[in-house]
>>> print(open('coords09.cif').read())   # mmCIF, C-alpha atoms
data_entry
loop_
_atom_site.label_atom_id
_atom_site.label_comp_id
_atom_site.auth_asym_id
_atom_site.auth_seq_id
_atom_site.Cartn_x
_atom_site.Cartn_y
_atom_site.Cartn_z
CA MET M 1 111.46 106.87 120.59
CA ILE M 2 108.45 106.32 118.30
CA THR M 3 108.51 103.67 115.59
CA PHE M 4 106.18 103.20 112.60
CA GLU M 5 106.24 99.93 110.67
CA SER M 6 104.72 99.17 107.32
CA GLU M 7 103.86 96.06 105.40
CA TYR M 8 107.04 94.54 103.97
CA LYS M 9 107.26 94.15 100.19
CA ASN M 10 110.33 92.68 98.52
CA PHE M 11 111.62 93.82 95.15
CA ASN M 12 109.55 91.29 93.18
CA GLN M 13 106.35 92.46 94.85
CA ARG M 14 107.23 96.07 94.12
CA PHE M 15 108.27 95.36 90.52
CA PHE M 16 105.30 93.19 89.55
CA ARG M 17 102.57 95.59 90.70
CA LEU M 18 99.44 96.45 88.82
CA SER M 19 100.48 100.08 88.20
CA ASN M 20 103.73 98.95 86.55
CA LEU M 21 101.76 96.53 84.39
CA PHE M 22 99.45 99.36 83.30
CA PHE M 23 102.47 101.54 82.50
CA PHE M 24 103.95 98.74 80.38
CA ILE M 25 100.64 98.10 78.58
CA GLU M 26 100.27 101.82 77.81
CA PHE M 27 103.76 101.76 76.33
CA ILE M 28 102.90 98.76 74.16
CA LEU M 29 99.67 100.39 72.97
CA LEU M 30 101.33 103.74 72.20
CA SER M 31 104.52 102.41 70.62
CA PRO M 32 103.00 101.84 67.12
CA ILE M 33 102.85 105.63 66.76
CA ILE M 34 106.44 105.40 65.49
CA ILE M 35 105.09 103.79 62.30
CA ILE M 36 103.59 107.17 61.37
CA PHE M 37 107.07 108.52 60.66
CA ASN M 38 107.58 106.05 57.75
CA LEU M 39 111.02 104.96 58.91
CA SER M 40 112.71 101.85 57.59
CA LEU M 41 111.85 98.57 59.28
CA PHE M 42 115.34 98.25 60.79
CA LEU M 43 115.23 101.77 62.28
CA THR M 44 111.71 101.21 63.60
CA ILE M 45 112.80 98.01 65.36
CA ILE M 46 115.81 99.75 66.90
CA ILE M 47 113.70 102.66 68.16
CA GLU M 48 111.06 100.26 69.56
CA ALA M 49 113.78 98.25 71.33
CA LEU M 50 115.31 101.40 72.83
CA LEU M 51 111.91 102.61 74.03
CA LEU M 52 111.22 99.19 75.55
CA ILE M 53 114.55 99.29 77.40
CA ILE M 54 113.75 102.81 78.66
CA CYS M 55 110.29 101.64 79.81
CA VAL M 56 111.76 98.69 81.76
CA PHE M 57 114.47 100.96 83.22
CA ILE M 58 111.82 103.42 84.47
CA ILE M 59 109.83 100.60 86.09
CA ILE M 60 112.94 99.20 87.79
CA ASN M 61 114.01 102.66 88.97
CA ARG M 62 110.56 103.34 90.47
CA SER M 63 110.49 99.97 92.23
CA LYS M 64 114.02 99.62 93.58
CA ASN M 65 113.74 101.56 96.89
CA ASN M 66 111.39 100.98 99.78
CA ILE M 67 111.31 102.24 103.38
CA ASP M 68 109.47 99.89 105.71
CA ILE M 69 110.37 101.18 109.21
CA ILE M 70 110.73 104.78 110.36
CA THR M 71 111.82 105.68 113.89
CA PHE M 72 111.80 109.12 115.51
CA GLU M 73 114.46 109.68 118.15
CA GLU M 74 115.39 112.96 119.84
CA ASN M 75 116.71 114.96 116.87
CA ASN M 76 116.97 112.18 114.30
CA ILE M 77 114.84 110.08 112.03
CA ILE M 78 116.10 106.55 111.46
CA LEU M 79 114.95 104.99 108.20
CA HIS M 80 115.09 101.22 107.66
CA GLY M 81 114.78 100.43 104.00
CA GLU M 82 116.10 98.42 101.13
CA THR M 83 117.40 98.96 97.64
CA PHE M 84 116.39 96.02 95.48
CA ASN M 85 116.61 93.37 98.25
CA THR M 86 119.62 94.81 100.12
CA LYS M 87 118.70 96.28 103.49
CA TRP M 88 120.10 99.64 104.67
CA LEU M 89 119.79 101.98 107.63
CA LYS M 90 119.97 105.77 107.43
CA SER M 91 119.89 108.37 110.18
CA ILE M 92 118.75 111.89 109.28
CA ASN M 93 118.82 115.02 111.38
CA ILE M 94 115.28 116.39 111.68
CA LYS M 95 116.42 120.02 111.80
CA GLU M 96 118.23 119.69 108.45
CA SER M 97 115.32 118.09 106.63
CA TYR M 98 111.73 118.82 105.76
CA ILE M 99 108.67 116.83 104.82
CA GLU M 100 106.07 117.13 102.09
CA ILE M 101 102.77 115.29 101.87
CA HIS M 102 101.41 114.40 98.43
CA SER M 103 98.72 112.32 96.81
CA ILE M 104 98.40 110.31 93.63
CA GLY M 105 94.88 110.63 92.32
CA SER M 106 92.80 107.84 90.92
CA ARG M 107 89.85 107.41 88.61
CA GLN M 108 88.10 105.74 91.53
CA GLY M 109 88.00 109.06 93.38
CA ILE M 110 89.14 109.42 96.97
CA ARG M 111 88.87 105.66 97.54
CA GLY M 112 91.70 104.89 95.11
CA ALA M 113 93.97 107.81 96.02
CA THR M 114 97.43 107.01 97.38
CA PHE M 115 98.99 109.39 99.88
CA TYR M 116 102.75 109.48 100.36
CA LEU M 117 105.43 111.48 102.15
CA LYS M 118 108.66 112.93 100.80
CA ILE M 119 111.40 113.50 103.33
CA LYS M 120 113.98 115.83 101.84
CA ASN M 121 117.45 116.34 103.19
CA LYS M 122 120.42 118.30 101.86
CA LYS M 123 121.84 115.12 100.31
CA ASP M 124 118.94 112.75 99.68
CA ASN M 125 115.21 112.45 99.15
CA TYR M 126 113.18 109.58 100.58
CA ILE M 127 109.64 108.58 99.67
CA LEU M 128 107.36 106.78 102.12
CA ASN M 129 104.29 104.81 101.04
CA LEU M 130 104.83 104.83 97.29
CA PHE M 131 103.86 101.14 97.29
CA GLU M 132 100.89 101.59 99.65
CA THR M 133 102.59 99.80 102.54
CA TYR M 134 101.61 102.29 105.26
CA SER M 135 98.02 102.85 106.32
CA ASP M 136 96.45 106.26 105.84
CA GLU M 137 96.34 106.70 109.61
CA GLY M 138 100.06 105.87 109.71
CA ILE M 139 100.82 108.54 107.11
CA ILE M 140 99.00 111.13 109.21
CA GLN M 141 100.79 110.02 112.38
CA ILE M 142 104.23 110.09 110.74
CA PHE M 143 103.57 113.54 109.27
CA ASN M 144 102.31 114.94 112.59
CA GLU M 145 105.21 113.39 114.52
CA PHE M 146 107.73 114.94 112.10
CA LYS M 147 106.12 118.36 112.44
CA LYS M 148 105.98 118.01 116.23
CA SER M 149 109.63 116.89 116.45
CA LYS M 150 110.77 119.75 114.24
CA GLU M 151 108.42 122.19 116.03
CA GLU M 152 106.85 123.38 112.78
CA LYS M 153 103.28 124.40 112.14
CA ILE M 154 101.15 122.68 109.52
CA ILE M 155 100.48 125.05 106.62
CA ILE M 156 97.16 125.32 104.78
CA ASP M 157 98.19 123.17 101.78
CA GLU M 158 99.30 120.39 104.08
CA ARG M 159 96.11 120.72 106.12
CA LEU M 160 94.04 120.25 102.93
CA VAL M 161 95.83 117.01 102.09
CA LEU M 162 95.40 115.82 105.69
CA LEU M 163 91.68 116.56 105.43
CA ARG M 164 91.50 114.50 102.21
CA ILE M 165 93.16 111.59 104.02
CA GLN M 166 90.68 111.95 106.88
CA GLU M 167 87.83 111.97 104.36
CA LYS M 168 89.18 108.77 102.77
CA ILE M 169 89.47 107.11 106.18
CA GLU M 170 85.89 108.06 107.13
CA LYS M 171 84.28 107.12 103.80
CA CYS M 172 86.25 103.99 102.97
CA GLN M 173 86.55 102.02 106.20
#
>>> encode(input="coords09.cif", output="structure tokens")
Amino acid sequence: MITFESEYKNFNQRFFRLSNLFFFIEFILLSPIIIIFNLSLFLTIIIEALLLIICVFIIINRSKNNIDIITFEENNIILHGETFNTKWLKSINIKESYIEIHSIGSRQGIRGATFYLKIKNKKDNYILNLFETYSDEGIIQIFNEFKKSKEEKIIIDERLVLLRIQEKIEKCQ
């Protein structure tokens, strides 16, 4: 049994992050574009309010789930997470699921890139490290442990992302 733990972040920490603030500011800066359509003041206010509600809904939806502990047992992965601030536990069969490794780029180059994992099952999808709670070394270890447990080989695309993570680790210690 191998366990990987991350930094714990509650819902407020996930909701009030810098990236959500930037998303909200971009919305505020782009929302006056509606004025171009020369709609009545009442209709403009209604559309702005609806777009604001949609923006807040997107931020809440992105921030509601977090997985902070992942455990590999014989043929299962046990995920310890929370939705909003309610804790849950989920066991997934490794043979019925697969993993993808992705990155979110940054204007800061490799130093600001965020690497995350998607574990996909027939029923659900789970995202690890969307809130930068796992270390880059931890992401590599989780990915390699999943592949080893499932007895899969690492394909070229995955190898390239792993090399980018290694480059980030070496350059940005």
>>> atom_distance(input="coords09.cif", atom1="CA of Lys64 (chain M)", atom2="CA of Thr83 (chain M)")
5.3 Å
>>> closest_residue(input="coords09.cif", among="M:Asn129, M:Asn12, M:Ser97, M:Asn121", to="Lys147 (chain M)", atoms="only C-alpha atoms")
M:Ser97
>>> residues_around(input="coords09.cif", residues="Ser19 (chain M)", least_positions_apart="4", cutoff="12 Å", atoms="only C-alpha atoms", output="list in words")
Gln13, Arg14, Phe15, Phe23, Phe24, Ile25, Glu26, Ile59, Arg62, Ser63, Ile104, Ser106, Thr114, Leu130, Phe131 and Glu132 of chain M
>>> write_last_selection(input="coords09.cif", atoms="C-alpha atoms", output="compact mmCIF listing (two decimals), in the coordinates of the input")
# COMPACT_ATOMS: atom_id res chain seq x y z
CA GLN M 13 106.35 92.46 94.85
CA ARG M 14 107.23 96.07 94.12
CA PHE M 15 108.27 95.36 90.52
CA PHE M 23 102.47 101.54 82.50
CA PHE M 24 103.95 98.74 80.38
CA ILE M 25 100.64 98.10 78.58
CA GLU M 26 100.27 101.82 77.81
CA ILE M 59 109.83 100.60 86.09
CA ARG M 62 110.56 103.34 90.47
CA SER M 63 110.49 99.97 92.23
CA ILE M 104 98.40 110.31 93.63
CA SER M 106 92.80 107.84 90.92
CA THR M 114 97.43 107.01 97.38
CA LEU M 130 104.83 104.83 97.29
CA PHE M 131 103.86 101.14 97.29
CA GLU M 132 100.89 101.59 99.65
>>> residues_around(input="coords09.cif", residues="Ile2 (chain M)", least_positions_apart="4", cutoff="7 Å", atoms="only C-alpha atoms", output="list in words")
Thr71, Phe72 and Glu73 of chain M
>>> residues_around(input="coords09.cif", residues="Pro32 (chain M)", least_positions_apart="3", cutoff="12 Å", atoms="only C-alpha atoms", output="MDAnalysis selection string")
chainID M and resid 26:29 35:39 44:45 47:48 51
>>> residues_around(input="coords09.cif", residues="Phe146 (chain M)", least_positions_apart="2", cutoff="10 Å", atoms="only C-alpha atoms", output="list in words")
Phe72, Asn76, Ile77, Ile94, Ser97, Tyr98, Ile99, Ile119, Ile140, Gln141, Ile142, Phe143, Asn144, Lys148, Ser149, Lys150, Glu151 and Glu152 of chain M
>>> resolve_selection(input="coords09.cif", expression="the PyMOL selection byres ((chain M and resi 90) around 10)", output="PyMOL selection string")
chain M and resi 70+76-81+88-89+91-92
>>> closest_residue(input="coords09.cif", among="M:Asn20, M:Asn75, M:Ser31, M:Ser103", to="Ile60 (chain M)", atoms="only C-alpha atoms")
M:Asn20
>>> resolve_selection(input="coords09.cif", expression="the PyMOL selection byres ((chain M and resi 105) around 12)", output="list in words")
His102, Ser103, Ile104, Ser106, Arg107, Gln108, Gly109, Ile110, Arg111, Gly112, Ala113, Thr114, Phe115, Tyr116, Val161, Arg164 and Ile165 of chain M
>>> closest_residue(input="coords09.cif", among="M:Leu21, M:Leu117, M:Val56, M:Ala49", to="Ile34 (chain M)", atoms="only C-alpha atoms")
M:Ala49
>>> atom_distance(input="coords09.cif", atom1="CA of Phe11 (chain M)", atom2="CA of Ile67 (chain M)")
11.8 Å
>>> atom_distance(input="coords09.cif", atom1="CA of Arg159 (chain M)", atom2="CA of Glu100 (chain M)")
11.3 Å
>>> resolve_selection(input="coords09.cif", expression="the PyMOL selection byres ((chain M and resi 6) around 7)", output="JSON, numbers by chain")
{"M": [4, 5, 7, 8, 68, 69, 133, 134]}
>>> axis_aligned_box(input="coords09.cif", around="region 137-152 of chain M", padding_each_side="8 Å", output="AutoDock Vina command-line options")
--center_x 103.6 --center_y 114.6 --center_z 111.8 --size_x 30.4 --size_y 33.5 --size_z 25.3
>>> closest_residue(input="coords09.cif", among="M:Arg17, M:Leu50, M:Ile101, M:Glu137", to="Ile154 (chain M)", atoms="only C-alpha atoms")
M:Ile101
